[in-house]
Amino acid sequence: MAAKTLNINGKQVSADEGATILEAAIEAGIKIPTLCHLDGVYDAGACRLCLVEVTGVNKLLSACTTRIAEGMEVHTDTEQLRKYRRMTLELLFAERNHTCSACVSNGHCELQALAWQNGMDHVRYDYCFPRWSVDASHPRYGLDHNRCILCTRCVRVCWHIEGAGTKNVAGRGAKSFIIDDLAQPWGDSETCTSCGKCVIACPTGALFTRGSTVAEMERDPSKLAFIVNARERKQWVV
Amino acid sequence: MGRLRIATVWLGGCSGCHMSFLDLDEFLIDLAGKVDLVYSPLIDVKEYPENVDVCLIEGAVCNRDNLEMLLDVRERTKVLVSFGDCAVTGNVPAIRNQLGARSSENVLQTAYIDNAQANQRLPSKDGIIPTLLERVRPIHEVVAVEAYMPGCPPSAQRIRALLECVLEGRPPKLEGEMLRFG
Amino acid sequence: MVIEDLVEIAEKERAGGKKTIIRCCMAASCMSSRSEAVKAGLEKAVKDAGLSDQVEVRGVGCMRLCCQGPLVGVEPGNILYQKVEPEDAASLVASTQGAPTDVERGDPEQPFFKKQLSIVLSNSGVVDPERIESYIGADGYKALHSVLFEMTPKELIDHIIASGLRGRGGAGYPTGLKWATVAKTPSAQKYVVCNGDEGDPGAFMDRSVLESDPHSVLEGMAIAGYAVGANQGFIYVRAEYPLAIKRLQIAIRQARQIGLIGSGIFESPFHFTVDIRIGAGAYVCGEETALMASIEGKRGTPRPRPPFPAESGLWNSPTLINNVETFANIAPIVRKGADWYASIGTAKSKGTKVFALAGKIENTGLIEVPMGTTLRQIVEEMGGGAPGGASIKAVQTGGPSGGCIPANELDTPVDYESLTRLGSIMGSGGMIVMDESTRMPEVARYFMEFCMDESCGKCIPCRAGTAQMHHLLDRIVKRQGTARDLATLEELCDMVARTSLCGLGQNAPNPVRSTLRYFRNEYLALLAPGSNGQLAREEQTANSH
Amino acid sequence: MRAEGLDHQVYCRSRPVNTETTTPWDKTAVAALTPLQASDKRYKILEAHIKKYQGRQDALIEVLHKAQELFGFLEDSLLLFVGSRLKLPPSRVYGVATFYHYFKLKPQGAHTCVVCLGTACYVRGSDRVLAAIEQSAGIKSGETTEDKQLSLMTARCIGACSIAPAVVYDGVIHPKQDPESALAQLKGWLPHGN
């Protein structure tokens with residue numbers, strides 16, 4: 001595959017043709033914040049945290065979905081982008097009920113980490129305090145809609161790695177929520193294989209292993225990319 | 001320049017932030033040498049004084065007393081610091097906001113009737129509990145705030161970092177992981 | 001079907017014409033005022049009077065002055081009757097034989113009609129939308145034949161580029177360039193999609209075109225299919241437009257029956273089929289990537305572009321998406337020439353534009369005017385101004401993605417660039433007039449509520465940002481907002497516009513921004529007392545209960 | 001207090017799905033109809049409609065339109081049936097059915113009343129028409145009266161802007177409505193007859 005050369009934050013970078021800006025940046029050791037991106041599944045371009053400026057392009061582009069081009073000039077850390085990222089995070093914190101201090105993922109949460117990494121010391125918007133339920137019907141896992149940020153990582157993992165198609169998004173707009181089958185209690189799902197990949201994929205405390213209490217929920221999403229790579233590159237030989 | 005006049009205030013919170021303040025240990029002694037603690041639940045002063053330089057406010061604004069106090073504090077203080085997650089986000093006290101527009105009524109019902117093992121009745125005598133606000137609010141939703149110190153509770157290290165800014169005459173500001181909620 | 005057959009149908013249609021034709025509007029607005037009964041009454045009256053061999057009663061598409069419906073036109077004589085009741089039928093039919101009638105007459109010479117220039121609507125109100133012969137009689141499908149036999153796809157695309165036609169869906173991207181991109185992208189399978197998901201509240205141009213002249217859209221799509229190398233078309237229509245769907249179904253069936261759609265059109269090697277896809281109530285599906293997801297039977301959520309649909313669209317194949325009005329322009333451009341089309345309009349915006357006039361205005365209905373006509377000509381001369389002599393305060397264009405243009409800018413010519421400069425957009429063509437009784441912050445809140453409800457929920461700025469902006473607007477309208485809230489609102493407007501995934505979010509702040517730009521005082525007057533961005537102490541304690 | 005406008009309901013259902021149909025999607029490419037469904041002619045019509053689309057998965061929305069037309073609303077067993085015939089997981093069918101507002105997952109009233117809240121209708125007072133109906137019927141938009149006689153809905157724009165404000169009663173558009181004409185129209189559909 002041919003390599004392309006581009007410039008990220010003033011640094012000359014080369015990456016494979018067909019790579020995304022995000023992949024090229026990671027390879028060059030440049031960090032771009034992401035939230036809905038998950039190694040191993042296709043990108044949604046939904047969280048807008050990885051937006052970057054590309055010279056000559058009027059719109060901001062999501063680094064996870066935009067392919068590199070020869071001579072591209074990318075800026076990932078301008079004052080404007082930092083401001084938008086912080087606002088995006090504030091909007092997320094205000095949208096549902098992310099009470100970090102009482103969350104299973106406290107200390108291991110991608111959202112919580114992004115907040116401090118992007119200098120969010122408080123939320124300027126009124127908290128919405130919607131009422132969402134917790135689904136604890138599954139024998140091993142739980143789903144707390146209060147912590148859900150609708151990144152759809154669990155949905156994509158369920159469809160594209162496990163292949164079960166149990167999870168999906170239902171509804172629309174701020175009223176969207178994650179469902180299992182026909183929005184029945186997770187424990188009643190006939191299609192769920194209880195593989196737990198969705199739980200591993202979750203960036204916040206929305207999906208958790210039952211029995212975990214505050215700050216106990218740790219996970220390693222790189223396992224998911226490992227499975228996909230092993231499968232695609234046929235690394236397992238029986 | 002005279003000594004800095006510092007205060008701490010405890011609104012709707014668990015006092016954990018103040019406990020963490022006490023974890024400053026020997027730095028408290030340094031501090032005592034440089035500032036006057038003019039108001040605090042840790043000392044015996046009844047009235048919030050005028051001309052306070054810096055005030056750390058713990059807790060969310062949950063009831064009428066909190067609100068009145070906060071408005072007084074704001075009027076008499078130069079630099080207001082939201083001290084801990086309850087002050088910054090509403091945190092646990094604000095969970096009752098999910099009960100909706102009549103959350104104050106609903107929360108009493110839940111606490112004193114639904115979940116009570118015995119003596120199920122609402123506190124009725126005036127003044128036993130302050131009038132609850134319909135919505136618990138973080139400090140900055142009510143008054144302007146100069147600095148934020150998240151954490152539940154903020155570690156002594158964070159408190160010290162912020163106070164050092166104050167002592168050195170810089171605008172108080174935390175950075176990096178010091179800003180982590182929870 | 002060969003060209004001789006087409007000519008024969010056309011000649012037969014024209015020769016079969018009776019001495020007198022009574023046109024009765026059968027578009028949705030007039031039908032809601034019982035025009036079906038009027039038509040039935042007219043048919044019966046013709047029969048009763050023994051005039052069946054002399055008088056034809058023809059159900060036609062939109063006759064435009066919808067507020068005066070049901071409308072009936074009589075030829076010869078260019079007579080217009082308005083607010084016709086079924087009971088008027090006998091008298092009206094007798095009048096064609098010279099008898100006097102007291103049915104209310106409309107003035108076909110009034111500026112509302114006289115200032116119009118019809119290209120897209122030239123068949124509207126004239127041909128019977130449920131009979132393909134009627135369309136063929138008006139030169140229908142001739143353009144399709146001529147491109148198939150007289151032009152290469154490249155020549156055709158150059159022709160469209162030369163005409164200067166730009167997309168009528170709102171953004172105004174040059175149609176010919178879009179076609180060229182799809183044509184150039186190599187792929188065994190390509191698609192042509194007609195966007196009939198006219199979701200902007202206040203816009204009903206596409207509905208009228210589909211109801212009044214569905215074949216013009218089909219012909220335009222087939223021509224586009226030939227140009228880009230696609231053999232499958234989809235028309236995506238809103239479920240809210242049942243009459244348009246019905247007429248399209250009839251049109252497709254009829255065109256298929258006589259071989260104008262399907263395989264080997266005009267016995268050429270060109271195949272083209274068209275299927276209808278019916279929307280199900282989601283405004284965001286007007287966005288092209290969401291529309292494609294919906295055609296694929298999925299949740300109508302947009303995806304990031306690039307890749308653009310022209311490279312990777314429906315089922316990842318190159319896909320041409322144009323809106324209804326754009327396709328309806330194609331056959332006339334082919335028939336009459338690119339130069340003719342380019343001679344109409346302004347330097348950068350060619351041709352005509354159809355607008356739906358509604359709101360606080362005397363004459364509501366459909367108008368088609370050359371690009372460059374001023375807003376004043378449209379709302380004051382043609383529209384007759386606000387009812388009861390009230391003064392016009394603003395004109396809203398572009399729906400929830402557009403803005404409010406204040407009365408002092410009414411002399412602006414209507415073209416893509418001018419409207420954008422005023423902070424609004426051309427949009428699909430809804431034009432809603434607001435008089436002095438309209439309160440602009442409430443209008444902004446209305447549109448924000450719309451966007452909040454219609455946000456698909458995929459990206460955070462749109463999903464959560466519109467909710468916060470609506471909350472802030474609501475607070476301001478209720479006189480509880482502070483100067484700080486207003487600043488927060490403006491900051492969010494910028495952020496949501498810049499970071500949202502698709503056009504819905506990117507344009508959602510437009511109504512707020514344009515009303516803030518022209519009517520800021522109305523917002524300031526609503527702000528609650530206080531200082532330093534905070535509510536005053538009295539307000540705080542008063543609000544605490 | 002302030003954030004009322006942002007609050008919404010609990011959207012998750014606790015009701016277990018009707019498992020009578022027992023059709024997890026993966027087993028059911030050729031699943032037979034349950035006896036109850038087999039005796040229901042509407043399922044036959046729906047199956048014929050699905051065949052018309054050759055069972056193509058992209059026809060999901062068209063099939064749901066037909067199903068709603070036949071059954072009035074989309075109940076769980078019907079969604080499962082559609083999913084099994086199109087070989088789509090239930091979550092996909094449910095996700096689509098709840099994305100589009102046209103689809104109803106609950107039974108509707110005998111009569112429907114759709115108040116257009118498009119801009120033209122709005123500036124000509126459709127909000128007052130809606131308020132009058134809501135008050136008179138004792139239900140909010142999106143709800144059905146207790147006697148199942150009337151379902152009240154709103155539309156974003158039905159394209160009848162030139163005859164604003166427009167209201168659709170049982171599928172028929174009525175022009176230039178005001179609170180009085182709307183209530184007159186609803187007379188007889190409302191339990192208390194006013």
# chains A, B, ... in the order shown; residues from 1 in each chain; ligands from 1
>>> interface_residues(of="chain B", to="chain C", cutoff="8 Å", atoms="only C-alpha atoms", output="ChimeraX atom specification")
/B:64,67-68,71,133-134,142-144
>>> residues_around(residues="B:His140", least_positions_apart="4", cutoff="12 Å", atoms="only C-alpha atoms", output="ChimeraX atom specification")
/A:121-126 /B:57,59-61,67,70-71,74,80-83,86-90,136,144-148 /C:484,533-535
>>> closest_atom_pairs(of="chain A", to="chain D", cutoff="9 Å", atoms="only C-alpha atoms", output="Markdown table")
| residue | atom | partner | partner_atom | distance |
| --- | --- | --- | --- | --- |
| A:Glu95 | CA | D:Leu6 | CA | 9.0 |
| A:Asp126 | CA | D:Ala3 | CA | 7.0 |
| A:Tyr127 | CA | D:Ala3 | CA | 7.5 |
| A:Cys128 | CA | D:Leu6 | CA | 5.6 |
| A:Phe129 | CA | D:Asp7 | CA | 6.6 |
| A:Pro130 | CA | D:Asp7 | CA | 4.9 |
| A:Arg131 | CA | D:Val10 | CA | 5.5 |
| A:Trp132 | CA | D:Val10 | CA | 5.1 |
| A:Ser133 | CA | D:Val10 | CA | 6.5 |
| A:Val134 | CA | D:Cys12 | CA | 8.9 |
| A:Asp135 | CA | D:Cys12 | CA | 8.6 |
| A:His145 | CA | D:Cys12 | CA | 9.0 |
| A:Ala164 | CA | D:Pro89 | CA | 8.2 |
| A:Gly165 | CA | D:Pro89 | CA | 6.0 |
| A:Thr166 | CA | D:Ser91 | CA | 5.9 |
| A:Lys167 | CA | D:Ser91 | CA | 6.1 |
| A:Asn168 | CA | D:Ser91 | CA | 5.5 |
| A:Val169 | CA | D:Gly95 | CA | 5.7 |
| A:Ala170 | CA | D:Gly95 | CA | 4.2 |
| A:Gly171 | CA | D:Thr98 | CA | 4.7 |
| A:Arg172 | CA | D:Phe99 | CA | 5.4 |
| A:Gly173 | CA | D:Phe99 | CA | 9.0 |
| A:Lys175 | CA | D:Tyr11 | CA | 7.5 |
| A:Ser176 | CA | D:Phe99 | CA | 8.5 |
| A:Phe177 | CA | D:Tyr11 | CA | 7.8 |
| A:Ile179 | CA | D:Ser91 | CA | 6.9 |
| A:Asp180 | CA | D:Ser91 | CA | 6.1 |
| A:Asp181 | CA | D:Ser91 | CA | 4.1 |
| A:Leu182 | CA | D:Ser91 | CA | 5.5 |
| A:Ala183 | CA | D:Arg13 | CA | 6.5 |
| A:Gln184 | CA | D:Pro16 | CA | 5.6 |
| A:Pro185 | CA | D:Ser14 | CA | 6.2 |
| A:Asp188 | CA | D:Pro16 | CA | 7.0 |
| A:Ser189 | CA | D:Val17 | CA | 8.9 |
| A:Glu190 | CA | D:Pro24 | CA | 6.2 |
| A:Thr191 | CA | D:Pro24 | CA | 6.7 |
>>> closest_residue(among="A:Arg210, A:His98, A:Arg140, A:Arg67", to="chain C", atoms="only C-alpha atoms")
A:Arg67
>>> closest_atom_pairs(of="chain C", to="chain D", cutoff="8 Å", atoms="only C-alpha atoms", output="CSV")
residue,atom,partner,partner_atom,distance
C:Ala28,CA,D:Ala160,CA,7.3
C:Ser29,CA,D:Ala160,CA,5.9
C:Ser32,CA,D:Ile173,CA,5.3
C:Ser33,CA,D:Pro175,CA,6.9
C:Cys66,CA,D:Ser162,CA,5.8
C:Cys67,CA,D:Ser162,CA,5.7
C:Gly199,CA,D:Cys157,CA,7.1
C:Asp200,CA,D:Cys157,CA,7.3
C:Pro201,CA,D:Gly118,CA,4.5
C:Gly202,CA,D:Ala120,CA,5.5
C:Ala203,CA,D:Gly159,CA,6.1
C:Phe204,CA,D:Gly159,CA,4.7
C:Arg207,CA,D:Gly159,CA,7.2
C:Ala239,CA,D:Tyr102,CA,7.9
C:Glu240,CA,D:Ile158,CA,5.8
C:Tyr241,CA,D:Ile158,CA,7.3
C:Arg277,CA,D:Glu62,CA,7.3
C:Ile278,CA,D:Glu62,CA,6.9
C:Gly279,CA,D:Ile61,CA,8.0
C:Ala280,CA,D:Tyr102,CA,4.9
C:Gly281,CA,D:His101,CA,5.1
C:Ala282,CA,D:Tyr100,CA,5.6
C:Ser294,CA,D:Ile61,CA,7.9
C:Ile295,CA,D:Asp58,CA,6.8
C:Glu296,CA,D:Asp58,CA,4.4
C:Gly297,CA,D:Asp58,CA,4.1
C:Lys298,CA,D:Val96,CA,6.1
C:Arg299,CA,D:Val96,CA,5.0
C:Gly300,CA,D:Phe99,CA,7.5
C:Ala356,CA,D:Ser162,CA,7.9
C:Leu357,CA,D:Ser162,CA,7.0
C:Ala358,CA,D:Ser162,CA,5.3
C:Gly359,CA,D:Ala120,CA,4.6
C:Lys360,CA,D:Arg124,CA,7.0
C:Thr364,CA,D:Ser162,CA,4.8
C:Gly365,CA,D:Ser162,CA,5.3
C:Gly399,CA,D:Thr119,CA,7.9
C:Ile432,CA,D:Ala120,CA,6.3
C:Met434,CA,D:Val123,CA,7.2
C:Thr438,CA,D:Val123,CA,7.3
C:Phe450,CA,D:Arg156,CA,7.7
C:Cys456,CA,D:Phe99,CA,7.9
C:Ala467,CA,D:Leu6,CA,7.0
C:His471,CA,D:Gly5,CA,6.5
C:Arg475,CA,D:Arg2,CA,7.6
>>> select_by_dssp(residues="stretch 101-263 of chain C", states="strand (DSSP E)", output="VMD selection string")
chain C and resid 105 to 106 191 to 196 232 to 237
>>> interface_residues(of="chain C", to="chain A", cutoff="9 Å", atoms="only C-alpha atoms", output="number ranges by chain")
C: 299, 303-307, 452-465, 467-468, 471, 488, 492, 495-496, 498-501
>>> interface_residues(of="chain B", to="chain A", cutoff="10 Å", atoms="only C-alpha atoms", output="PyMOL selection string")
chain B and resi 82+85-92+94-100+137-138+140-141+147-153+173-182
>>> residues_around(residues="C:Val57", least_positions_apart="2", cutoff="7 Å", atoms="only C-alpha atoms", output="PDB file with C-alpha atoms, in the first residue's frame")
ATOM      1  CA  ILE C  21     -62.409  23.020 -20.715  1.00  0.00           C
ATOM      2  CA  ILE C  22     -63.329  23.485 -17.088  1.00  0.00           C
ATOM      3  CA  ARG C  23     -60.273  22.942 -14.914  1.00  0.00           C
ATOM      4  CA  LEU C  42     -69.476  19.946 -12.498  1.00  0.00           C
ATOM      5  CA  GLU C  43     -69.371  16.579 -14.239  1.00  0.00           C
ATOM      6  CA  VAL C  55     -67.335  20.634 -22.294  1.00  0.00           C
ATOM      7  CA  GLY C  59     -59.122  17.519 -12.608  1.00  0.00           C
TER       8      GLY C  59
END
>>> residues_around(residues="C:His159", least_positions_apart="6", cutoff="8 Å", atoms="only C-alpha atoms", output="PyMOL selection string")
chain C and resi 176+334+337-338
>>> atom_distance(atom1="atom CA of C:Val324", atom2="atom CA of C:Leu165")
13.4 Å
>>> atom_distance(atom1="atom CA of D:Glu146", atom2="atom CA of D:Gly188")
14.8 Å
>>> residues_around(residues="C:Lys478", least_positions_apart="2", cutoff="10 Å", atoms="only C-alpha atoms", output="ChimeraX atom specification")
/C:442,472-476,480-481,526-528
>>> write_last_selection(atoms="N, CA and C atoms", output="PDB file, in the first residue's frame")
ATOM      1  N   GLU C 442     -40.044  34.008  20.625  1.00  0.00           N
ATOM      2  CA  GLU C 442     -40.933  32.843  20.632  1.00  0.00           C
ATOM      3  C   GLU C 442     -40.811  32.056  19.339  1.00  0.00           C
ATOM      4  N   LEU C 472     -32.649  27.322  27.280  1.00  0.00           N
ATOM      5  CA  LEU C 472     -32.265  28.724  27.488  1.00  0.00           C
ATOM      6  C   LEU C 472     -33.294  29.671  26.867  1.00  0.00           C
ATOM      7  N   LEU C 473     -33.750  29.335  25.654  1.00  0.00           N
ATOM      8  CA  LEU C 473     -34.749  30.184  24.993  1.00  0.00           C
ATOM      9  C   LEU C 473     -36.049  30.199  25.788  1.00  0.00           C
ATOM     10  N   ASP C 474     -36.404  29.026  26.303  1.00  0.00           N
ATOM     11  CA  ASP C 474     -37.635  28.935  27.071  1.00  0.00           C
ATOM     12  C   ASP C 474     -37.544  29.824  28.312  1.00  0.00           C
ATOM     13  N   ARG C 475     -36.382  29.779  28.931  1.00  0.00           N
ATOM     14  CA  ARG C 475     -36.174  30.586  30.124  1.00  0.00           C
ATOM     15  C   ARG C 475     -36.237  32.080  29.781  1.00  0.00           C
ATOM     16  N   ILE C 476     -35.639  32.448  28.663  1.00  0.00           N
ATOM     17  CA  ILE C 476     -35.653  33.857  28.267  1.00  0.00           C
ATOM     18  C   ILE C 476     -37.074  34.298  27.949  1.00  0.00           C
ATOM     19  N   GLN C 480     -37.156  34.673  32.684  1.00  0.00           N
ATOM     20  CA  GLN C 480     -36.317  34.219  33.787  1.00  0.00           C
ATOM     21  C   GLN C 480     -34.847  34.174  33.386  1.00  0.00           C
ATOM     22  N   GLY C 481     -34.571  34.555  32.151  1.00  0.00           N
ATOM     23  CA  GLY C 481     -33.203  34.457  31.662  1.00  0.00           C
ATOM     24  C   GLY C 481     -32.382  35.679  32.030  1.00  0.00           C
ATOM     25  N   LEU C 526     -36.590  41.038  27.413  1.00  0.00           N
ATOM     26  CA  LEU C 526     -37.133  39.917  28.186  1.00  0.00           C
ATOM     27  C   LEU C 526     -36.224  39.499  29.345  1.00  0.00           C
ATOM     28  N   LEU C 527     -34.986  40.013  29.357  1.00  0.00           N
ATOM     29  CA  LEU C 527     -34.047  39.534  30.369  1.00  0.00           C
ATOM     30  C   LEU C 527     -34.465  39.955  31.772  1.00  0.00           C
ATOM     31  N   ALA C 528     -34.278  39.048  32.701  1.00  0.00           N
ATOM     32  CA  ALA C 528     -34.647  39.307  34.088  1.00  0.00           C
ATOM     33  C   ALA C 528     -33.623  40.241  34.712  1.00  0.00           C
TER      34      ALA C 528
END
>>> select_by_dssp(residues="stretch 31-194 of chain D", states="alpha helix (DSSP H)", output="JSON, numbers by chain")
{"D": [35, 36, 37, 38, 41, 42, 43, 44, 45, 46, 47, 48, 49, 50, 51, 52, 60, 61, 62, 63, 64, 65, 66, 67, 68, 69, 70, 71, 76, 77, 78, 79, 80, 81, 82, 83, 84, 85, 86, 90, 91, 92, 93, 94, 95, 96, 97, 98, 99, 119, 120, 121, 122, 123, 126, 127, 128, 129, 130, 131, 132, 133, 134, 135, 136, 137, 179, 180, 181, 182, 183, 184, 185, 186]}
>>> residues_around(residues="C:Thr319", least_positions_apart="3", cutoff="9 Å", atoms="only C-alpha atoms", output="MDAnalysis selection string")
chainID C and resid 182 190:193 230 308:314 316
>>> atom_distance(atom1="atom CA of C:Glu368", atom2="atom CA of C:Ala27")
16.6 Å
